>>> print(open('coords_16.tsv').read())   # TSV, C-alpha atoms
chain	number	residue	atom	x	y	z
A	86	MET	CA	58.96	-28.24	1.38
A	87	SER	CA	56.40	-29.48	-1.14
A	88	LEU	CA	57.18	-30.21	-4.78
A	89	LYS	CA	55.09	-27.18	-5.81
A	90	LYS	CA	57.11	-24.89	-3.54
A	91	ASP	CA	60.36	-26.41	-4.78
A	92	ILE	CA	59.34	-25.68	-8.36
A	93	ASN	CA	58.36	-22.09	-7.52
A	94	VAL	CA	61.67	-21.46	-5.75
A	95	LEU	CA	63.56	-22.87	-8.73
A	96	ARG	CA	61.47	-20.80	-11.15
A	97	ARG	CA	62.08	-17.56	-9.21
A	98	THR	CA	65.81	-18.26	-8.93
A	99	LEU	CA	66.08	-18.98	-12.65
A	100	MET	CA	64.08	-15.89	-13.64
A	101	ARG	CA	66.12	-13.61	-11.40
A	102	SER	CA	69.31	-15.01	-12.89
A	103	LEU	CA	68.02	-14.41	-16.41
A	104	THR	CA	66.66	-10.91	-15.79
A	105	LYS	CA	69.11	-9.37	-13.31
A	106	ASN	CA	70.90	-7.55	-16.13
A	107	VAL	CA	67.76	-6.56	-18.04
A	108	GLY	CA	67.67	-2.83	-18.61
A	109	SER	CA	69.50	0.06	-17.03
A	110	SER	CA	68.06	3.23	-15.60
A	111	GLN	CA	68.29	6.11	-18.04
A	112	PHE	CA	69.69	9.47	-16.98
A	113	ASP	CA	69.77	12.67	-19.01
A	114	GLN	CA	71.44	15.51	-17.17
A	115	ASN	CA	70.78	17.84	-20.09
A	116	ILE	CA	67.01	17.71	-19.55
A	117	ASP	CA	65.22	21.09	-19.72
A	118	LEU	CA	62.88	21.02	-16.73
A	119	THR	CA	60.97	24.04	-18.04
A	120	LYS	CA	59.78	22.00	-21.01
A	121	VAL	CA	59.46	18.42	-19.78
A	122	GLU	CA	56.14	17.11	-18.49
A	123	PHE	CA	55.92	13.96	-16.41
A	124	LYS	CA	52.23	13.30	-16.71
A	125	LYS	CA	51.94	9.63	-17.62
A	126	ILE	CA	53.68	7.25	-15.22
A	127	LEU	CA	53.75	3.47	-14.89
A	128	ILE	CA	54.63	1.84	-11.56
A	129	SER	CA	55.40	-1.87	-11.78
A	130	ARG	CA	55.03	-4.23	-8.80
A	131	PRO	CA	53.66	-7.54	-10.13
A	132	ASN	CA	53.43	-9.34	-6.79
A	133	PRO	CA	50.04	-10.53	-5.48
A	134	ARG	CA	50.69	-10.35	-1.73
A	135	LEU	CA	48.71	-7.84	0.35
A	136	GLY	CA	51.77	-6.63	2.23
A	137	ASN	CA	53.93	-6.12	-0.84
A	138	GLN	CA	51.26	-4.02	-2.53
A	139	LEU	CA	50.66	-1.91	0.59
A	140	LEU	CA	54.42	-1.34	0.85
A	141	ILE	CA	54.44	0.62	-2.42
A	142	THR	CA	52.04	3.27	-1.03
A	143	PRO	CA	54.96	5.45	0.20
A	144	LEU	CA	56.41	5.49	-3.33
A	145	LEU	CA	52.99	6.18	-4.81
A	146	GLN	CA	52.55	9.16	-2.48
A	147	GLU	CA	56.06	10.37	-3.33
A	148	VAL	CA	55.34	10.28	-7.07
A	149	ILE	CA	52.05	12.15	-6.61
A	150	ALA	CA	53.65	14.79	-4.37
A	151	THR	CA	56.38	15.32	-6.98
A	152	PHE	CA	54.02	15.36	-9.97
A	153	PRO	CA	50.57	16.32	-8.59
A	154	GLU	CA	48.86	16.36	-12.00
A	155	CYS	CA	50.21	13.00	-13.13
A	156	GLU	CA	48.18	9.99	-14.18
A	157	ILE	CA	49.51	6.71	-12.82
A	158	ASP	CA	49.04	3.22	-14.18
A	159	LEU	CA	49.89	0.23	-11.98
A	160	PHE	CA	51.19	-3.10	-13.27
A	161	VAL	CA	50.35	-5.65	-10.59
A	162	ASN	CA	49.50	-9.28	-9.93
A	163	GLY	CA	46.26	-10.59	-8.42
A	164	GLY	CA	43.00	-8.86	-7.58
A	165	LEU	CA	43.83	-6.72	-4.53
A	166	ALA	CA	45.12	-3.56	-6.20
A	167	PRO	CA	41.72	-2.02	-7.12
A	168	ILE	CA	40.74	-2.39	-3.45
A	169	ILE	CA	43.99	-1.14	-1.94
A	170	PHE	CA	44.38	1.88	-4.24
A	171	LYS	CA	40.68	2.70	-4.43
A	172	ASN	CA	41.09	6.21	-2.99
A	173	TYR	CA	44.26	7.16	-4.88
A	174	THR	CA	42.66	9.44	-7.44
A	175	ASN	CA	45.84	9.76	-9.53
A	176	VAL	CA	45.71	6.04	-10.27
A	177	LYS	CA	43.83	5.79	-13.56
A	178	ARG	CA	44.47	2.27	-14.81
A	179	ILE	CA	45.39	-0.98	-13.08
A	180	ILE	CA	46.85	-3.71	-15.27
A	181	GLN	CA	46.38	-7.01	-13.46
A	182	LEU	CA	48.14	-10.27	-14.17
A	183	PRO	CA	46.31	-13.36	-12.93
A	184	ARG	CA	47.66	-14.81	-9.72
A	185	LYS	CA	47.97	-18.26	-11.32
A	186	PRO	CA	49.22	-17.54	-14.86
A	187	PHE	CA	49.44	-21.16	-15.99
A	188	LYS	CA	45.71	-21.57	-15.36
A	189	GLU	CA	44.84	-18.34	-17.19
A	190	LEU	CA	47.38	-18.06	-19.98
A	191	THR	CA	45.16	-15.91	-22.22
A	192	LYS	CA	44.51	-13.37	-19.47
A	193	TYR	CA	48.21	-13.42	-18.58
A	194	ALA	CA	49.22	-12.66	-22.18
A	195	LYS	CA	46.61	-9.90	-22.47
A	196	GLY	CA	47.99	-8.27	-19.32
A	197	TRP	CA	51.47	-8.06	-20.79
A	198	LEU	CA	50.25	-6.93	-24.20
A	199	SER	CA	48.15	-4.16	-22.63
A	200	LEU	CA	51.40	-2.54	-21.48
A	201	LYS	CA	51.97	-1.60	-25.12
A	202	LYS	CA	48.68	0.28	-25.45
A	203	HIS	CA	50.09	3.43	-23.83
A	204	SER	CA	53.33	5.38	-23.84
A	205	TYR	CA	54.74	6.76	-20.60
A	206	ASP	CA	56.95	9.61	-19.53
A	207	ILE	CA	58.51	7.44	-16.79
A	208	VAL	CA	58.23	3.78	-15.86
A	209	ILE	CA	59.28	2.77	-12.35
A	210	ASN	CA	60.11	-0.80	-11.39
A	211	VAL	CA	59.70	-0.81	-7.60
A	212	VAL	CA	61.89	-3.76	-6.55
A	213	GLU	CA	65.27	-4.44	-8.14
A	214	ASN	CA	65.12	-8.25	-8.00
A	215	SER	CA	61.59	-8.56	-9.39
A	216	SER	CA	61.97	-10.44	-12.67
A	217	SER	CA	58.54	-9.47	-13.99
A	218	GLY	CA	59.08	-5.89	-12.85
A	219	ARG	CA	62.34	-5.53	-14.75
A	220	LEU	CA	60.86	-7.15	-17.86
A	221	SER	CA	57.82	-4.86	-17.76
A	222	ALA	CA	60.01	-1.77	-17.48
A	223	GLN	CA	62.01	-2.95	-20.47
A	224	PHE	CA	58.87	-3.86	-22.44
A	225	VAL	CA	56.87	-0.62	-22.22
A	226	ASN	CA	57.27	2.48	-24.34
A	227	SER	CA	58.71	5.13	-22.05
A	228	LYS	CA	61.18	7.96	-22.46
A	229	TYR	CA	62.67	7.40	-19.01
A	230	LYS	CA	63.01	4.01	-17.38
A	231	PHE	CA	63.92	3.37	-13.77
A	232	PHE	CA	64.70	-0.28	-12.97
A	233	GLY	CA	64.93	0.16	-9.20
A	234	ASP	CA	68.60	-0.71	-8.89
A	235	ASP	CA	70.22	-0.19	-5.49
A	236	VAL	CA	72.56	2.79	-5.19
A	237	ASP	CA	75.48	2.21	-2.83
A	238	ASP	CA	76.03	5.83	-1.79
A	239	ILE	CA	72.33	6.24	-1.02
A	240	ALA	CA	72.42	3.12	1.14
A	241	LEU	CA	75.32	4.64	3.11
A	242	LYS	CA	73.41	7.89	3.56
A	243	HIS	CA	70.23	6.39	5.04
A	244	LYS	CA	70.30	4.01	8.02
A	245	ASP	CA	66.84	2.72	7.10
A	246	TYR	CA	67.66	2.13	3.42
A	247	GLU	CA	67.10	-1.62	3.77
A	248	HIS	CA	63.38	-1.17	4.45
A	249	ILE	CA	61.34	-2.33	1.46
A	250	ALA	CA	58.90	0.60	1.73
A	251	LYS	CA	61.67	3.18	1.92
A	252	TYR	CA	64.48	2.28	-0.46
A	253	PRO	CA	62.26	2.59	-3.58
A	254	VAL	CA	61.55	6.18	-2.51
A	255	TYR	CA	65.21	6.93	-1.82
A	256	ASN	CA	66.18	5.41	-5.18
A	257	PHE	CA	63.48	7.34	-7.03
A	258	ARG	CA	64.62	10.61	-5.45
A	259	HIS	CA	68.20	9.84	-6.44
A	260	TYR	CA	67.07	9.08	-9.99
A	261	LEU	CA	65.29	12.45	-10.21
A	262	THR	CA	68.38	14.34	-9.05
A	263	LYS	CA	70.25	12.69	-11.96
A	264	LEU	CA	67.61	14.21	-14.22
A	265	GLY	CA	68.22	17.64	-12.72
A	266	PHE	CA	65.53	17.80	-10.04
A	267	LYS	CA	66.28	19.34	-6.65
A	268	GLU	CA	67.22	16.83	-3.95
A	269	ASN	CA	64.36	15.89	-1.62
A	270	ASN	CA	65.34	15.13	1.98
A	271	THR	CA	61.90	15.10	3.59
A	272	PRO	CA	60.83	11.99	5.57
A	273	VAL	CA	59.56	9.09	3.48
A	274	PRO	CA	55.73	8.98	3.55
A	275	TYR	CA	54.10	6.35	5.75
A	276	LEU	CA	52.05	3.47	4.40
A	277	ASP	CA	48.53	4.72	3.71
A	278	LEU	CA	45.37	2.85	2.75
A	279	LYS	CA	43.59	6.24	2.47
A	280	LEU	CA	40.54	5.20	4.43
A	281	SER	CA	37.65	7.59	3.97
A	282	ALA	CA	35.74	9.26	6.79
A	283	SER	CA	32.75	7.02	6.13
A	284	GLU	CA	34.91	3.89	6.19
A	285	LEU	CA	36.42	4.94	9.53
A	286	ALA	CA	32.96	5.64	10.94
A	287	ASP	CA	31.77	2.20	9.81
A	288	GLY	CA	34.87	0.67	11.41
A	289	GLU	CA	34.04	2.36	14.70
A	290	LYS	CA	30.51	0.92	14.56
A	291	MET	CA	31.83	-2.58	13.85
A	292	LEU	CA	34.26	-2.34	16.75
A	293	GLN	CA	31.59	-1.06	19.10
A	294	SER	CA	29.29	-3.94	18.16
A	295	ILE	CA	32.02	-6.32	19.35
A	296	VAL	CA	33.21	-4.65	22.58
A	297	GLN	CA	29.98	-2.82	23.58
A	298	ASN	CA	31.79	-0.48	25.96
A	299	ASN	CA	33.80	2.75	25.90
A	300	LYS	CA	37.17	1.24	26.79
A	301	LYS	CA	40.10	1.50	24.39
A	302	THR	CA	40.99	-1.63	22.46
A	303	VAL	CA	44.10	-3.71	21.81
A	304	CYS	CA	43.90	-5.66	18.54
A	305	ILE	CA	45.83	-8.89	18.03
A	306	PHE	CA	46.35	-11.07	14.96
A	307	THR	CA	47.70	-14.49	15.85
A	308	PHE	CA	48.16	-15.99	12.38
A	309	ALA	CA	50.91	-15.76	9.73
A	310	THR	CA	52.30	-17.95	6.98
A	311	ALA	CA	54.84	-20.76	7.35
A	312	ASP	CA	57.36	-20.37	10.19
A	313	LYS	CA	56.27	-16.78	10.83
A	314	CYS	CA	53.18	-18.19	12.56
A	315	TYR	CA	53.75	-18.53	16.31
A	316	PRO	CA	52.22	-21.63	17.94
A	317	GLU	CA	49.49	-21.65	20.57
A	318	SER	CA	52.16	-22.38	23.18
A	319	TRP	CA	53.68	-18.96	22.39
A	320	TRP	CA	50.47	-16.97	22.12
A	321	ALA	CA	48.65	-18.39	25.16
A	322	PRO	CA	51.00	-16.97	27.86
A	323	PHE	CA	51.36	-13.70	25.98
A	324	TYR	CA	47.58	-13.29	25.75
A	325	ASP	CA	47.19	-14.08	29.47
A	326	ARG	CA	49.84	-11.48	30.28
A	327	LEU	CA	48.09	-8.87	28.13
A	328	LYS	CA	44.85	-9.43	30.03
A	329	ALA	CA	46.63	-9.16	33.37
A	330	GLU	CA	48.64	-6.03	32.48
A	331	TYR	CA	45.86	-4.08	30.76
A	332	PRO	CA	42.53	-4.83	32.46
A	333	ASP	CA	41.16	-1.45	31.41
A	334	TYR	CA	41.50	-2.30	27.71
A	335	ASN	CA	39.45	-4.53	25.47
A	336	ILE	CA	41.42	-7.19	23.63
A	337	ILE	CA	39.99	-8.41	20.33
A	338	GLU	CA	41.37	-10.80	17.74
A	339	VAL	CA	41.16	-10.18	14.01
A	340	LEU	CA	40.87	-13.57	12.35
A	341	PRO	CA	42.61	-14.62	9.13
A	342	VAL	CA	40.72	-15.78	6.07
A	343	GLU	CA	41.44	-19.34	7.29
A	344	ASN	CA	39.26	-18.56	10.36
A	345	VAL	CA	41.72	-20.01	12.87
A	346	SER	CA	42.94	-18.71	16.23
A	347	GLN	CA	46.21	-19.39	18.02
A	348	ILE	CA	44.52	-18.57	21.34
A	349	GLY	CA	41.59	-20.91	20.80
A	350	PHE	CA	39.08	-18.08	20.13
A	351	LYS	CA	39.31	-16.95	23.77
A	352	ALA	CA	39.05	-13.25	22.86
A	353	PRO	CA	36.16	-11.54	21.06
A	354	THR	CA	36.81	-11.89	17.33
A	355	PHE	CA	36.31	-10.05	14.06
A	356	TYR	CA	36.18	-11.87	10.74
A	357	SER	CA	36.02	-10.30	7.29
A	358	LYS	CA	37.45	-10.93	3.84
A	359	ASP	CA	37.27	-7.21	2.99
A	360	VAL	CA	40.72	-5.66	3.59
A	361	ARG	CA	39.36	-2.12	3.74
A	362	GLU	CA	36.78	-3.20	6.30
A	363	ILE	CA	39.48	-4.88	8.38
A	364	GLY	CA	41.67	-1.80	8.09
A	365	ALA	CA	38.83	0.51	9.15
A	366	LEU	CA	38.13	-1.54	12.25
A	367	MET	CA	41.82	-1.69	13.22
A	368	ALA	CA	42.13	2.07	12.68
A	369	ASN	CA	39.75	2.54	15.62
A	370	THR	CA	41.90	0.50	18.02
A	371	GLU	CA	44.75	1.76	20.17
A	372	VAL	CA	47.43	-0.70	19.08
A	373	PHE	CA	47.81	-3.70	16.79
A	374	ILE	CA	50.04	-6.67	17.71
A	375	GLY	CA	50.86	-9.38	15.20
A	376	ALA	CA	53.56	-11.30	13.38
A	377	ASP	CA	55.09	-10.15	10.09
A	378	SER	CA	52.23	-10.52	7.61
A	379	GLY	CA	50.04	-8.64	5.17
A	380	ILE	CA	47.62	-7.85	8.00
A	381	MET	CA	50.47	-6.28	9.98
A	382	HIS	CA	51.21	-3.95	7.05
A	383	LEU	CA	47.46	-3.33	6.68
A	384	ALA	CA	47.43	-2.11	10.28
A	385	SER	CA	50.32	0.25	9.48
A	386	ALA	CA	48.49	1.49	6.39
A	387	ALA	CA	45.37	2.05	8.52
A	388	LYS	CA	47.54	4.33	10.72
A	389	VAL	CA	47.17	2.35	13.94
A	390	THR	CA	50.27	2.01	16.11
A	391	THR	CA	51.65	-1.38	15.11
A	392	ILE	CA	53.82	-3.85	17.02
A	393	GLY	CA	55.38	-6.40	14.66
A	394	LEU	CA	56.66	-9.75	15.92
A	395	PHE	CA	59.67	-11.13	14.05
A	396	SER	CA	61.37	-14.51	14.28
A	397	ARG	CA	63.22	-14.24	10.95
A	398	ASP	CA	66.25	-12.05	10.25
A	399	ASN	CA	64.32	-9.66	7.97
A	400	ILE	CA	63.24	-7.24	10.66
A	401	ASN	CA	65.03	-4.25	9.08
A	402	MET	CA	63.35	-4.89	5.74
A	403	TYR	CA	59.77	-5.48	6.87
A	404	ALA	CA	59.35	-3.72	10.24
A	405	PRO	CA	55.97	-1.94	10.54
A	406	TYR	CA	56.34	1.57	9.24
A	407	ASN	CA	54.20	4.37	10.65
A	408	SER	CA	54.23	6.72	13.61
A	409	HIS	CA	55.14	5.16	16.99
A	410	SER	CA	55.26	1.61	15.63
A	411	ALA	CA	57.89	-0.91	16.67
A	412	ALA	CA	59.36	-4.26	15.70
A	413	ILE	CA	60.17	-6.94	18.28
A	414	ASN	CA	62.73	-9.69	17.77
A	415	THR	CA	61.10	-12.65	19.51
A	416	ASN	CA	64.32	-14.65	19.32
A	417	THR	CA	66.05	-12.34	21.79
A	418	ASP	CA	63.28	-10.42	23.59
A	419	SER	CA	61.01	-11.77	26.34
A	420	ILE	CA	57.40	-11.13	27.31
A	421	ASP	CA	58.68	-8.57	29.81
A	422	ASP	CA	60.35	-6.74	26.93
A	423	TYR	CA	57.10	-6.81	24.92
A	424	ILE	CA	55.24	-5.27	27.85
A	425	THR	CA	57.88	-2.55	28.18
A	426	VAL	CA	57.25	-1.59	24.55
A	427	LEU	CA	53.47	-1.65	25.05
A	428	ASP	CA	53.69	0.41	28.24
A	429	LYS	CA	55.11	3.30	26.23
A	430	ILE	CA	51.97	3.21	24.10
A	431	LEU	CA	49.22	2.28	26.53
A	432	ARG	CA	50.33	3.86	29.81
>>> encode(input="coords_16.tsv", output="structure tokens")
Amino acid sequence: MSLKKDINVLRRTLMRSLTKNVGSSQFDQNIDLTKVEFKKILISRPNPRLGNQLLITPLLQEVIATFPECEIDLFVNGGLAPIIFKNYTNVKRIIQLPRKPFKELTKYAKGWLSLKKHSYDIVINVVENSSSGRLSAQFVNSKYKFFGDDVDDIALKHKDYEHIAKYPVYNFRHYLTKLGFKENNTPVPYLDLKLSASELADGEKMLQSIVQNNKKTVCIFTFATADKCYPESWWAPFYDRLKAEYPDYNIIEVLPVENVSQIGFKAPTFYSKDVREIGALMANTEVFIGADSGIMHLASAAKVTTIGLFSRDNINMYAPYNSHSAAINTNTDSIDDYITVLDKILR
């Protein structure tokens, strides 16, 4: 581990220790629901990663379904949010912290100070152990504050409570029942990039320009960060097996921003730095296969059946979440097992 990574780990550990007791969710069981209006809402998730921002789309949909006329501000980190939430019309303002605060201290300070420009009916910190999230919830002017704390009895009630896209929704629902709202037991919404019809049509054209035939397409993504990235020695036999098992399908590879391939660019490729463009292309494929990464969650949010490959023990927290998707533990499963999962989708 590099010195920079060591410092970041130490910083995060210290901040979590200092902020773990910041704030407590406020409940008022005497609230008169005939008079209260939840129109101005702040959702705080100051994390710059693509996957972590996509994973709040179920909560965002839940809030909008509960309060259809609400206006939502987002407190985030980095520059992806305006792209990801482009088609969420309830999102009115996005407060962005710079990804590298020490290089842009003025912009970083302005981001925090802008939280004071508005008052909110509710502020929601999405993830309990987010130091910046807890501090932002404490900092803003809001009548009701939800810090995202885990609730033990809710965890016992839902087998999938550990999933990072789902437990914020379960916690938010529990919080609302404490305020007097009726309990909501409907399924948690899926991840959703809200691709428009024109974006999907453009994605179909881009895909067709690559494959130039009418066969259905399997999309693979062979990259990931750190030890989540499988080596060429893992991908090569799997790719050969895919070609042998599914000769009637195209196989294309979506490339990462680093423009590298763990199969040596043997498959037709697609390269773009536009996440909505990537999502639109993947939405026109039959299945996506890739390791745990932001692109994997982008595939889920684009509503393509997604097969996630996991070598870490966080499969229950980050498994792809949409209809018919699946997570594979590559430490215990074999290529034959992967094909069995794919057969249920492709045959």
>>> closest_atom_pairs(input="coords_16.tsv", of="segment 202-311 of chain A", to="segment 183-198 of chain A", cutoff="10 Å", atoms="all atoms listed in the file", output="tab-separated table")
residue	atom	partner	partner_atom	distance
A:Lys202	CA	A:Leu198	CA	7.5
A:Ser217	CA	A:Trp197	CA	9.9
A:Leu220	CA	A:Trp197	CA	9.9
A:Ser221	CA	A:Trp197	CA	7.7
A:Phe224	CA	A:Trp197	CA	8.7
A:Val225	CA	A:Trp197	CA	9.3
>>> atom_distance(input="coords_16.tsv", atom1="atom CA of Pro153 of chain A", atom2="atom CA of Phe123 of chain A")
9.8 Å
>>> closest_atom_pairs(input="coords_16.tsv", of="segment 140-177 of chain A", to="segment 382-398 of chain A", cutoff="12 Å", atoms="only C-alpha atoms", output="Markdown table")
| residue | atom | partner | partner_atom | distance |
| --- | --- | --- | --- | --- |
| A:Leu140 | CA | A:His382 | CA | 7.5 |
| A:Ile141 | CA | A:Ala386 | CA | 10.7 |
| A:Thr142 | CA | A:Ala386 | CA | 8.4 |
| A:Pro143 | CA | A:Ala386 | CA | 9.8 |
| A:Ile169 | CA | A:Leu383 | CA | 9.5 |
| A:Phe170 | CA | A:Ala386 | CA | 11.4 |
>>> closest_residue(input="coords_16.tsv", among="A:Met381, A:Tyr229, A:Ala222, A:Arg432", to="Ala412 of chain A", atoms="only C-alpha atoms")
A:Met381
>>> atom_distance(input="coords_16.tsv", atom1="atom CA of Lys328 of chain A", atom2="atom CA of Lys301 of chain A")
13.2 Å
>>> residues_around(input="coords_16.tsv", residues="Thr310 of chain A", least_positions_apart="2", cutoff="9 Å", atoms="all atoms listed in the file", output="PyMOL selection string")
chain A and resi 308+312-314+377-378
>>> atom_distance(input="coords_16.tsv", atom1="atom CA of Pro332 of chain A", atom2="atom CA of Ser410 of chain A")
22.1 Å
>>> closest_residue(input="coords_16.tsv", among="A:Ala411, A:Ala376, A:Leu145, A:Leu127", to="Pro274 of chain A", atoms="all atoms listed in the file")
A:Leu145
>>> residues_around(input="coords_16.tsv", residues="segment 160-166 of chain A", least_positions_apart="5", cutoff="6 Å", atoms="all atoms listed in the file", output="list of chain:residue names")
A:Ser129, A:Arg130, A:Pro131, A:Asn132, A:Pro133, A:Ile180, A:Gln181, A:Leu182, A:Pro183, A:Arg184
>>> write_last_selection(input="coords_16.tsv", atoms="C-alpha atoms", output="tab-separated table (two decimals), keeping the file's coordinate frame")
chain	number	residue	atom	x	y	z
A	129	SER	CA	55.40	-1.87	-11.78
A	130	ARG	CA	55.03	-4.23	-8.80
A	131	PRO	CA	53.66	-7.54	-10.13
A	132	ASN	CA	53.43	-9.34	-6.79
A	133	PRO	CA	50.04	-10.53	-5.48
A	180	ILE	CA	46.85	-3.71	-15.27
A	181	GLN	CA	46.38	-7.01	-13.46
A	182	LEU	CA	48.14	-10.27	-14.17
A	183	PRO	CA	46.31	-13.36	-12.93
A	184	ARG	CA	47.66	-14.81	-9.72
>>> residues_around(input="coords_16.tsv", residues="Glu317 of chain A", least_positions_apart="6", cutoff="8 Å", atoms="all atoms listed in the file", output="PyMOL selection string")
chain A and resi 347-349
>>> closest_residue(input="coords_16.tsv", among="A:Glu147, A:Glu362, A:Asp245, A:Glu289", to="Tyr275 of chain A", atoms="only C-alpha atoms")
A:Glu147
>>> closest_residue(input="coords_16.tsv", among="A:Ile380, A:Ile374, A:Ala365, A:Ile207", to="Pro341 of chain A", atoms="all atoms listed in the file")
A:Ile380
>>> closest_residue(input="coords_16.tsv", among="A:Lys244, A:Lys267, A:Lys358, A:Lys177", to="Glu343 of chain A", atoms="only C-alpha atoms")
A:Lys358
>>> closest_residue(input="coords_16.tsv", among="A:Leu264, A:Met367, A:Val360, A:Leu200", to="Ser227 of chain A", atoms="all atoms listed in the file")
A:Leu200
>>> closest_atom_pairs(input="coords_16.tsv", of="segment 396-427 of chain A", to="segment 277-285 of chain A", cutoff="12 Å", atoms="only C-alpha atoms", output="JSON lines")
{"residue": "A:Tyr406", "atom": "CA", "partner": "A:Asp277", "partner_atom": "CA", "distance": 10.1}
{"residue": "A:Asn407", "atom": "CA", "partner": "A:Asp277", "partner_atom": "CA", "distance": 9.0}
{"residue": "A:Ser408", "atom": "CA", "partner": "A:Asp277", "partner_atom": "CA", "distance": 11.6}
>>> write_last_selection(input="coords_16.tsv", atoms="C-alpha atoms", output="CSV table (one decimal), keeping the file's coordinate frame")
chain,number,residue,atom,x,y,z
A,406,TYR,CA,56.3,1.6,9.2
A,407,ASN,CA,54.2,4.4,10.6
A,408,SER,CA,54.2,6.7,13.6
>>> residues_near_point(input="coords_16.tsv", point="(45.3, 8.3, -10.9)", cutoff="10 Å", atoms="all atoms listed in the file", output="MDAnalysis selection string")
chainID A and resid 125:126 149 153:159 170:179
>>> decode(input="coords_16.tsv", residues="segment 265-279 of chain A", atoms="N, CA and C atoms", output="PDB file, in the first residue's frame")
ATOM      1  N   GLY A 265     -45.162   8.861  12.093  1.00  0.00           N
ATOM      2  CA  GLY A 265     -46.595   8.664  11.973  1.00  0.00           C
ATOM      3  C   GLY A 265     -47.072   8.220  10.612  1.00  0.00           C
ATOM      4  N   PHE A 266     -46.157   8.040   9.660  1.00  0.00           N
ATOM      5  CA  PHE A 266     -46.544   7.598   8.322  1.00  0.00           C
ATOM      6  C   PHE A 266     -46.859   6.106   8.329  1.00  0.00           C
ATOM      7  N   LYS A 267     -47.697   5.689   7.401  1.00  0.00           N
ATOM      8  CA  LYS A 267     -48.067   4.293   7.264  1.00  0.00           C
ATOM      9  C   LYS A 267     -46.865   3.488   6.799  1.00  0.00           C
ATOM     10  N   GLU A 268     -46.712   2.282   7.325  1.00  0.00           N
ATOM     11  CA  GLU A 268     -45.581   1.433   6.955  1.00  0.00           C
ATOM     12  C   GLU A 268     -45.656   1.037   5.486  1.00  0.00           C
ATOM     13  N   ASN A 269     -44.512   1.086   4.808  1.00  0.00           N
ATOM     14  CA  ASN A 269     -44.421   0.741   3.393  1.00  0.00           C
ATOM     15  C   ASN A 269     -43.652  -0.565   3.255  1.00  0.00           C
ATOM     16  N   ASN A 270     -44.310  -1.596   2.723  1.00  0.00           N
ATOM     17  CA  ASN A 270     -43.672  -2.901   2.575  1.00  0.00           C
ATOM     18  C   ASN A 270     -43.503  -3.310   1.117  1.00  0.00           C
ATOM     19  N   THR A 271     -43.593  -2.356   0.197  1.00  0.00           N
ATOM     20  CA  THR A 271     -43.398  -2.666  -1.215  1.00  0.00           C
ATOM     21  C   THR A 271     -41.916  -2.961  -1.485  1.00  0.00           C
ATOM     22  N   PRO A 272     -41.605  -3.661  -2.591  1.00  0.00           N
ATOM     23  CA  PRO A 272     -40.191  -3.935  -2.902  1.00  0.00           C
ATOM     24  C   PRO A 272     -39.390  -2.647  -3.063  1.00  0.00           C
ATOM     25  N   VAL A 273     -38.140  -2.688  -2.664  1.00  0.00           N
ATOM     26  CA  VAL A 273     -37.256  -1.538  -2.831  1.00  0.00           C
ATOM     27  C   VAL A 273     -37.044  -1.287  -4.326  1.00  0.00           C
ATOM     28  N   PRO A 274     -37.127  -0.053  -4.782  1.00  0.00           N
ATOM     29  CA  PRO A 274     -36.903   0.223  -6.210  1.00  0.00           C
ATOM     30  C   PRO A 274     -35.519  -0.229  -6.666  1.00  0.00           C
ATOM     31  N   TYR A 275     -35.429  -0.598  -7.947  1.00  0.00           N
ATOM     32  CA  TYR A 275     -34.137  -0.965  -8.526  1.00  0.00           C
ATOM     33  C   TYR A 275     -33.289   0.276  -8.775  1.00  0.00           C
ATOM     34  N   LEU A 276     -31.998   0.070  -9.002  1.00  0.00           N
ATOM     35  CA  LEU A 276     -31.157   1.156  -9.488  1.00  0.00           C
ATOM     36  C   LEU A 276     -31.713   1.642 -10.830  1.00  0.00           C
ATOM     37  N   ASP A 277     -31.630   2.939 -11.077  1.00  0.00           N
ATOM     38  CA  ASP A 277     -32.196   3.464 -12.322  1.00  0.00           C
ATOM     39  C   ASP A 277     -31.455   4.726 -12.757  1.00  0.00           C
ATOM     40  N   LEU A 278     -30.825   4.649 -13.916  1.00  0.00           N
ATOM     41  CA  LEU A 278     -30.148   5.794 -14.516  1.00  0.00           C
ATOM     42  C   LEU A 278     -31.135   6.704 -15.241  1.00  0.00           C
ATOM     43  N   LYS A 279     -32.366   6.214 -15.431  1.00  0.00           N
ATOM     44  CA  LYS A 279     -33.421   6.944 -16.147  1.00  0.00           C
ATOM     45  C   LYS A 279     -32.946   7.375 -17.536  1.00  0.00           C
TER      46      LYS A 279
END
